[in-house]
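File shown: structure_19.tsv. Contents: TSV, C-alpha atoms and all ligand atoms.
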```
chain	number	residue	atom	x	y	z
J	1	MET	CA	5.69	-11.35	16.78
J	2	THR	CA	6.95	-8.80	14.30
J	3	GLN	CA	4.63	-6.30	12.71
J	4	LEU	CA	5.33	-5.54	9.06
J	5	VAL	CA	5.46	-2.10	7.48
J	6	LEU	CA	5.34	-2.28	3.69
J	7	LEU	CA	7.04	0.61	1.93
J	8	GLY	CA	7.13	1.27	-1.77
J	9	ALA	CA	5.82	3.54	-4.48
J	10	PRO	CA	2.26	3.27	-5.73
J	11	GLY	CA	2.24	0.31	-8.12
J	12	SER	CA	5.19	-1.49	-6.52
J	13	GLY	CA	2.95	-4.44	-5.60
J	14	LYS	CA	2.68	-3.90	-1.84
J	15	GLY	CA	-1.06	-4.50	-1.82
J	16	THR	CA	-0.80	-7.70	-3.87
J	17	GLN	CA	1.87	-9.09	-1.57
J	18	ALA	CA	-0.11	-8.06	1.50
J	19	VAL	CA	-3.13	-10.07	0.33
J	20	ARG	CA	-0.90	-13.11	-0.09
J	21	LEU	CA	0.80	-12.65	3.28
J	22	VAL	CA	-2.63	-12.57	4.89
J	23	LYS	CA	-3.70	-15.74	3.10
J	24	GLU	CA	-0.54	-17.77	3.65
J	25	HIS	CA	0.92	-16.41	6.88
J	26	GLY	CA	-2.20	-15.23	8.69
J	27	TYR	CA	-1.47	-11.53	9.06
J	28	ASN	CA	-4.10	-8.81	9.43
J	29	HIS	CA	-3.86	-6.20	6.69
J	30	VAL	CA	-4.57	-2.51	7.01
J	31	SER	CA	-4.22	-0.19	4.00
J	32	THR	CA	-4.74	3.53	4.57
J	33	GLY	CA	-5.51	4.02	0.86
J	34	ASP	CA	-8.31	1.41	1.07
J	35	LEU	CA	-9.64	2.94	4.30
J	36	LEU	CA	-9.73	6.41	2.73
J	37	ARG	CA	-11.44	5.15	-0.44
J	38	SER	CA	-14.00	3.35	1.69
J	39	GLU	CA	-14.78	6.61	3.59
J	40	ILE	CA	-15.26	8.36	0.22
J	41	LYS	CA	-17.53	5.58	-1.04
J	42	LYS	CA	-19.64	5.71	2.13
J	43	GLY	CA	-19.87	9.52	1.82
J	44	THR	CA	-18.79	10.18	5.44
J	45	GLU	CA	-17.64	13.63	6.63
J	46	LEU	CA	-14.05	12.45	6.41
J	47	GLY	CA	-14.70	11.00	2.96
J	48	LYS	CA	-16.01	14.35	1.73
J	49	LYS	CA	-12.97	16.16	3.11
J	50	VAL	CA	-10.42	13.88	1.48
J	51	ASP	CA	-12.02	13.15	-1.89
J	52	GLY	CA	-10.30	16.02	-3.72
J	53	VAL	CA	-6.96	15.24	-2.08
J	54	LEU	CA	-6.97	11.66	-3.38
J	55	LYS	CA	-8.12	12.77	-6.82
J	56	ALA	CA	-5.13	15.13	-7.03
J	57	GLY	CA	-2.69	12.48	-5.82
J	58	GLU	CA	-1.68	14.61	-2.82
J	59	LEU	CA	-1.25	13.36	0.74
J	60	VAL	CA	-4.08	13.58	3.28
J	61	ASN	CA	-3.29	15.34	6.56
J	62	ASP	CA	-1.18	13.11	8.87
J	63	ASP	CA	-3.48	13.31	11.90
J	64	MET	CA	-6.58	12.42	9.91
J	65	VAL	CA	-4.95	9.31	8.47
J	66	LEU	CA	-3.51	8.36	11.86
J	67	GLU	CA	-6.96	8.51	13.51
J	68	LEU	CA	-8.44	6.37	10.76
J	69	LEU	CA	-5.61	3.88	11.10
J	70	LYS	CA	-5.94	3.68	14.89
J	71	ALA	CA	-9.66	3.05	14.59
J	72	ASN	CA	-9.02	0.15	12.22
J	73	CYS	CA	-6.33	-1.90	13.85
J	74	ASP	CA	-5.95	-3.66	17.16
J	75	LEU	CA	-2.43	-4.93	17.68
J	76	GLU	CA	-3.55	-7.03	20.64
J	77	SER	CA	-5.53	-9.22	18.26
J	78	GLY	CA	-2.60	-10.33	16.09
J	79	GLN	CA	0.18	-9.49	13.72
J	80	TYR	CA	-0.40	-6.59	11.31
J	81	ILE	CA	0.75	-5.49	7.91
J	82	PHE	CA	0.74	-1.72	7.48
J	83	ASP	CA	0.30	-0.80	3.83
J	84	GLY	CA	0.48	2.84	2.70
J	85	PHE	CA	1.41	4.22	6.14
J	86	PRO	CA	3.92	5.80	6.80
J	87	ARG	CA	4.31	8.01	3.74
J	88	ASN	CA	6.70	10.52	5.38
J	89	ILE	CA	9.02	10.74	8.37
J	90	GLU	CA	6.39	12.39	10.59
J	91	GLN	CA	4.05	9.45	9.96
J	92	ALA	CA	6.88	6.99	10.66
J	93	LYS	CA	7.22	8.52	14.13
J	94	LEU	CA	3.44	8.71	14.65
J	95	LEU	CA	3.17	5.02	13.81
J	96	GLU	CA	5.90	4.13	16.26
J	97	ASP	CA	4.57	6.25	19.12
J	98	ASN	CA	0.82	5.89	18.69
J	99	VAL	CA	0.23	2.51	17.13
J	100	LEU	CA	3.23	0.20	17.51
J	101	LYS	CA	4.01	1.51	21.01
J	102	GLY	CA	7.21	-0.46	21.55
J	103	LYS	CA	6.22	-3.54	19.54
J	104	ALA	CA	8.91	-4.98	17.26
J	105	TYR	CA	8.45	-4.24	13.55
J	106	LEU	CA	10.20	-4.68	10.25
J	107	GLY	CA	10.10	-2.36	7.22
J	108	VAL	CA	9.93	-4.11	3.85
J	109	TYR	CA	10.87	-1.85	0.96
J	110	PHE	CA	9.55	-2.77	-2.50
J	111	ASN	CA	12.22	-1.29	-4.73
J	112	MET	CA	11.34	-0.68	-8.37
J	113	PRO	CA	12.38	1.66	-11.23
J	114	THR	CA	9.97	4.54	-11.89
J	115	ASN	CA	9.35	3.72	-15.56
J	116	VAL	CA	8.16	0.21	-14.64
J	117	LEU	CA	5.93	1.66	-11.93
J	118	VAL	CA	4.25	4.09	-14.29
J	119	GLU	CA	3.55	1.31	-16.77
J	120	ARG	CA	2.09	-0.89	-14.06
J	121	LEU	CA	-0.14	1.84	-12.69
J	122	THR	CA	-1.61	2.89	-16.02
J	123	ASN	CA	-2.58	-0.77	-16.61
J	124	ARG	CA	-3.99	-1.34	-13.12
J	125	ARG	CA	-7.72	-2.02	-12.82
J	126	VAL	CA	-9.71	-2.67	-9.65
J	127	CYS	CA	-13.02	-4.39	-8.96
J	128	LYS	CA	-15.34	-1.81	-7.40
J	129	ASP	CA	-17.30	-4.50	-5.58
J	130	CYS	CA	-14.65	-6.71	-3.95
J	131	GLY	CA	-11.41	-4.73	-4.34
J	132	ALA	CA	-9.60	-7.40	-6.40
J	133	VAL	CA	-6.69	-5.85	-8.30
J	134	TYR	CA	-5.79	-6.67	-11.92
J	135	ASN	CA	-3.22	-5.58	-14.46
J	136	LEU	CA	-4.37	-5.48	-18.06
J	137	LYS	CA	-0.97	-6.69	-19.25
J	138	PHE	CA	0.33	-9.04	-16.56
J	139	LEU	CA	-2.70	-10.19	-14.61
J	140	PRO	CA	-5.90	-9.56	-16.59
J	141	PRO	CA	-9.25	-10.98	-15.45
J	142	LYS	CA	-9.84	-14.41	-17.07
J	143	LYS	CA	-12.92	-13.06	-18.85
J	144	GLU	CA	-12.52	-9.49	-20.10
J	145	GLY	CA	-14.28	-6.97	-17.89
J	146	VAL	CA	-15.50	-9.59	-15.36
J	147	CYS	CA	-14.00	-10.01	-11.89
J	148	ASP	CA	-12.56	-13.52	-11.34
J	149	LYS	CA	-13.36	-13.36	-7.63
J	150	CYS	CA	-16.94	-12.01	-7.45
J	151	ASN	CA	-18.18	-11.98	-11.08
J	152	SER	CA	-18.87	-8.25	-10.93
J	153	THR	CA	-18.58	-6.27	-14.17
J	154	ASN	CA	-17.62	-3.15	-12.18
J	155	ILE	CA	-13.95	-3.23	-13.07
J	156	TYR	CA	-12.61	0.29	-13.26
J	157	GLN	CA	-9.51	2.45	-13.35
J	158	ARG	CA	-8.93	4.48	-10.17
J	159	ASP	CA	-9.05	8.23	-10.89
J	160	ASP	CA	-5.61	8.55	-9.38
J	161	ASP	CA	-4.21	5.84	-11.68
J	162	LYS	CA	-4.74	8.12	-14.67
J	163	LYS	CA	-1.53	9.32	-16.26
J	164	GLU	CA	-1.66	12.99	-15.18
J	165	VAL	CA	-2.25	12.11	-11.53
J	166	ILE	CA	0.30	9.27	-11.49
J	167	GLU	CA	3.07	11.71	-12.31
J	168	ASN	CA	2.14	13.82	-9.31
J	169	ARG	CA	1.85	10.77	-7.02
J	170	MET	CA	5.36	9.68	-8.03
J	171	GLU	CA	6.75	13.14	-7.28
J	172	VAL	CA	5.01	13.21	-3.89
J	173	TYR	CA	6.28	9.71	-3.14
J	174	LYS	CA	9.89	10.43	-4.10
J	175	SER	CA	10.06	13.61	-2.09
J	176	THR	CA	8.68	12.12	1.12
J	177	ILE	CA	9.73	8.47	1.46
J	178	GLY	CA	13.56	8.91	1.46
J	179	PRO	CA	13.79	10.00	5.11
J	180	VAL	CA	11.54	7.09	6.16
J	181	LEU	CA	13.87	4.60	4.49
J	182	ASP	CA	16.90	6.26	6.12
J	183	TYR	CA	15.20	6.19	9.52
J	184	TYR	CA	14.49	2.44	9.25
J	185	ARG	CA	17.99	1.76	7.87
J	186	GLU	CA	19.58	3.50	10.83
J	187	LYS	CA	17.54	1.35	13.18
J	188	ASN	CA	18.56	-1.72	11.18
J	189	ILE	CA	14.96	-2.77	10.59
J	190	LEU	CA	14.76	-2.39	6.81
J	191	VAL	CA	14.86	-5.16	4.23
J	192	GLU	CA	14.75	-4.44	0.51
J	193	VAL	CA	13.15	-6.64	-2.09
J	194	ASP	CA	13.39	-6.35	-5.85
J	195	ALA	CA	9.76	-5.58	-6.68
J	196	SER	CA	10.26	-5.85	-10.43
J	197	LEU	CA	10.45	-9.67	-10.18
J	198	GLU	CA	7.46	-11.96	-10.80
J	199	ILE	CA	4.77	-11.90	-8.09
J	200	ASP	CA	5.76	-15.39	-6.82
J	201	GLN	CA	9.44	-14.52	-6.62
J	202	VAL	CA	8.72	-11.31	-4.74
J	203	PHE	CA	6.56	-13.31	-2.33
J	204	GLN	CA	9.42	-15.76	-1.72
J	205	GLU	CA	11.82	-12.89	-1.06
J	206	VAL	CA	9.42	-11.26	1.36
J	207	THR	CA	8.74	-14.55	3.15
J	208	LYS	CA	12.46	-15.19	3.50
J	209	ALA	CA	13.09	-11.68	4.85
J	210	VAL	CA	10.28	-11.95	7.35
J	211	LYS	CA	11.47	-15.33	8.66
J	212	GLU	CA	15.13	-14.37	9.05
P	1	LIG	P1	-2.71	4.19	-2.01
P	1	LIG	O1	-3.89	3.31	-2.23
P	1	LIG	O2	-1.83	3.73	-0.87
P	1	LIG	O3	-1.92	4.46	-3.27
P	1	LIG	O4	-3.28	5.62	-1.53
P	1	LIG	C1	-4.12	6.39	-2.35
P	1	LIG	C2	-4.16	7.83	-1.88
P	1	LIG	O5	-4.67	7.87	-0.53
P	1	LIG	C3	-2.83	8.54	-1.81
P	1	LIG	O6	-2.44	9.10	-3.06
P	1	LIG	C4	-3.13	9.64	-0.78
P	1	LIG	O7	-3.92	10.67	-1.34
P	1	LIG	C5	-4.02	8.90	0.23
P	1	LIG	N1	-3.23	8.22	1.29
P	1	LIG	C6	-3.08	6.89	1.50
P	1	LIG	N2	-2.30	6.63	2.56
P	1	LIG	C7	-1.92	7.85	3.03
P	1	LIG	C8	-1.09	8.28	4.10
P	1	LIG	N3	-0.45	7.42	4.89
P	1	LIG	N4	-0.95	9.62	4.30
P	1	LIG	C9	-1.55	10.52	3.51
P	1	LIG	N5	-2.33	10.20	2.47
P	1	LIG	C10	-2.53	8.87	2.23
```

If you took the structure in this file and wrote it as structure tokens, what would it be?
Amino acid sequence: MTQLVLLGAPGSGKGTQAVRLVKEHGYNHVSTGDLLRSEIKKGTELGKKVDGVLKAGELVNDDMVLELLKANCDLESGQYIFDGFPRNIEQAKLLEDNVLKGKAYLGVYFNMPTNVLVERLTNRRVCKDCGAVYNLKFLPPKKEGVCDKCNSTNIYQRDDDKKEVIENRMEVYKSTIGPVLDYYREKNILVEVDASLEIDQVFQEVTKAVKE
């Protein structure tokens, strides 16, 4: 039973692939970005502390995210996909020592050129009610402004998907993820997929990598 750690810039399609892996291969999915947004929505103490950090596209404190992650996954209950954690080398080690605790895992890196990422992110829209993710250009809702999955009309653009913040998120990403990729490469547990392919092709690549 291998746990999966999805790595890739914001907009590289990790979340979309995770949803599909859950549906077709029965994984459990935990996304630290989703967990943090849910804390903000619920107005918890943690949510209040991190709201400004997410709005600015900066990273939340490692220990805070680790605690949230630990509270929301139970590796004894099945195979997990970690999405959005680790974001830096410290988190890679925290994940190994405090969550995976000796369990086998595989890093899947969604590689994609920055200009494509920026275009994807500025076109990304999310349903506030069910979390379904759309892209105005490549995957728009069937009826404009209405969620295909739950019929809600609450389709919105995340604050941090606005152009000014995206640039900062990309900078933060580039400066922190390199050592994580190197760490996984050295351990020989990293596979790379070309994330600029069509969603179905990426899924096939991921499936192949996971089964090898
Ligand atoms: P995401 O949905 O993965 O793009 O995450 C959205 C935002 O949540 C990020 O820009 C960070 O502010 C915060 N965040 C998510 N995961 C982490 C993490 N592992 N460490 C620190 N901050 C995180």

Item to check | Contacts of region 57-61 of chain J at 12 Å (all atoms listed in the file; same-chain gap of 6+ positions) as a PyMOL selection string | outcome: chain J and resi 10+32-33+36-37+46-47+49-51+67-68+84-88+90-91+158-173+175-176

Next on the checklist: Using only C-alpha atoms, which protein or nucleic acid residues come within 7 Å of Leu7 (chain J)? Drop anything in the same chain fewer than 6 positions from it, and give the result as JSON, numbers by chain.
Outcome noted: {"J": [84, 107, 108, 109, 110]}

Let me see the file: selected residues, C-alpha atoms, as a PDB file, in the frame of the given file.
```
ATOM      1  CA  GLY J  84       0.480   2.840   2.700  1.00  0.00           C
ATOM      2  CA  GLY J 107      10.100  -2.360   7.220  1.00  0.00           C
ATOM      3  CA  VAL J 108       9.930  -4.110   3.850  1.00  0.00           C
ATOM      4  CA  TYR J 109      10.870  -1.850   0.960  1.00  0.00           C
ATOM      5  CA  PHE J 110       9.550  -2.770  -2.500  1.00  0.00           C
TER       6      PHE J 110
END
```

Residues at most 8 Å from region 123-140 of chain J, counting only C-alpha atoms, excluding those fewer than 3 positions away in the same chain, as a PDB file with C-alpha atoms, in the coordinates of the input?
```pdb
ATOM      1  CA  THR J  16      -0.800  -7.700  -3.870  1.00  0.00           C
ATOM      2  CA  GLU J 119       3.550   1.310 -16.770  1.00  0.00           C
ATOM      3  CA  ARG J 120       2.090  -0.890 -14.060  1.00  0.00           C
ATOM      4  CA  GLU J 144     -12.520  -9.490 -20.100  1.00  0.00           C
ATOM      5  CA  CYS J 147     -14.000 -10.010 -11.890  1.00  0.00           C
ATOM      6  CA  LYS J 149     -13.360 -13.360  -7.630  1.00  0.00           C
ATOM      7  CA  CYS J 150     -16.940 -12.010  -7.450  1.00  0.00           C
ATOM      8  CA  SER J 152     -18.870  -8.250 -10.930  1.00  0.00           C
ATOM      9  CA  THR J 153     -18.580  -6.270 -14.170  1.00  0.00           C
ATOM     10  CA  ASN J 154     -17.620  -3.150 -12.180  1.00  0.00           C
ATOM     11  CA  ILE J 155     -13.950  -3.230 -13.070  1.00  0.00           C
ATOM     12  CA  TYR J 156     -12.610   0.290 -13.260  1.00  0.00           C
ATOM     13  CA  GLN J 157      -9.510   2.450 -13.350  1.00  0.00           C
ATOM     14  CA  ARG J 158      -8.930   4.480 -10.170  1.00  0.00           C
ATOM     15  CA  ASP J 161      -4.210   5.840 -11.680  1.00  0.00           C
TER      16      ASP J 161
END
```

Item to check | Proximity to ligand LIG 1 (chain P) - best of J:Leu121, J:Asn28, J:Thr114, J:Leu75, all atoms listed in the file | outcome: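 With all atoms listed in the file as the atom set, the closest residue is J:Leu121.
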
What box, with edges along x, y and z, holds each listed atom of ligand LIG 1 (chain P) when 3 Å is added on every side, and can you state its centre and edge lengths in Å to one decimal, as JSON?
```
{"center_x": -2.6, "center_y": 7.0, "center_z": 0.8, "size_x": 10.2, "size_y": 13.4, "size_z": 14.2}
```

Next on the checklist: List as JSON, numbers by chain the protein and nucleic acid residues near Ala71 (chain J), meaning an atom at most 12 Å away when all atoms listed in the file are counted, but skip any in the same chain fewer than 6 places from it.
Outcome noted: {"J": [30, 32, 35, 64, 65, 98, 99]}

Using only C-alpha atoms, please write the residues we just selected to a file, as an mmCIF file, in the frame of the given file.
```cif
data_model
loop_
_atom_site.group_PDB
_atom_site.id
_atom_site.type_symbol
_atom_site.label_atom_id
_atom_site.label_comp_id
_atom_site.auth_asym_id
_atom_site.auth_seq_id
_atom_site.Cartn_x
_atom_site.Cartn_y
_atom_site.Cartn_z
ATOM 1 C CA VAL J 30 -4.570 -2.510 7.010
ATOM 2 C CA THR J 32 -4.740 3.530 4.570
ATOM 3 C CA LEU J 35 -9.640 2.940 4.300
ATOM 4 C CA MET J 64 -6.580 12.420 9.910
ATOM 5 C CA VAL J 65 -4.950 9.310 8.470
ATOM 6 C CA ASN J 98 0.820 5.890 18.690
ATOM 7 C CA VAL J 99 0.230 2.510 17.130
#
```

Checklist entry - Using all atoms listed in the file, which of J:Ala56, J:Val210, J:Cys73, J:Ile89 sits nearest Leu106 (chain J)? => result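 Going through J:Ala56, J:Val210, J:Cys73, J:Ile89 one by one, the smallest distance to Leu106 (chain J) is for J:Val210.
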
Item to check | Answer as a count of residues only, residues within 12 Å of (7.5, -6.5, 19.1) using all atoms listed in the file | outcome: 19

Checklist entry - Which one of J:Asp200, J:Asp63, J:Glu205, J:Glu192 sits closest to ligand LIG 1 (chain P) if you count all atoms listed in the file? => result J:Asp63

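The gap separating CA of Ile199 (chain J) from CA of Phe82 (chain J) is 19.0 Å, in Å to one decimal.
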
Checklist entry - With all atoms listed in the file as the atoms that count, which of J:Ser38, J:Ser31, J:Asn72, J:Gln17 lies nearest to ligand LIG 1 (chain P)? => result J:Ser31

Item to check | Straight-line distance linking atom O3 of ligand LIG 1 (chain P) with CA of Gly11 (chain J), stated in Å to one decimal | outcome: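 Atom-to-atom, atom O3 of ligand LIG 1 (chain P) to CA of Gly11 (chain J), that is 7.6 Å.
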
Item to check | Distance criterion (all atoms listed in the file): nearest to ligand LIG 1 (chain P) out of J:Glu39, J:Asp148, J:Asp194, J:Asp182 | outcome: J:Glu39

Checklist entry - In terms of the shortest atom-to-atom distance over all atoms listed in the file, which of J:Asn115, J:Ser77, J:Ser12, J:Thr44 is closest to ligand LIG 1 (chain P)? => result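 For ligand LIG 1 (chain P), the nearest of the candidates is J:Ser12.
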
Checklist entry - How many Å lie between CA of Ala195 (chain J) and CA of His25 (chain J), rounded to one decimal? => result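 For CA of Ala195 (chain J) relative to CA of His25 (chain J), the distance reads 19.5 Å.
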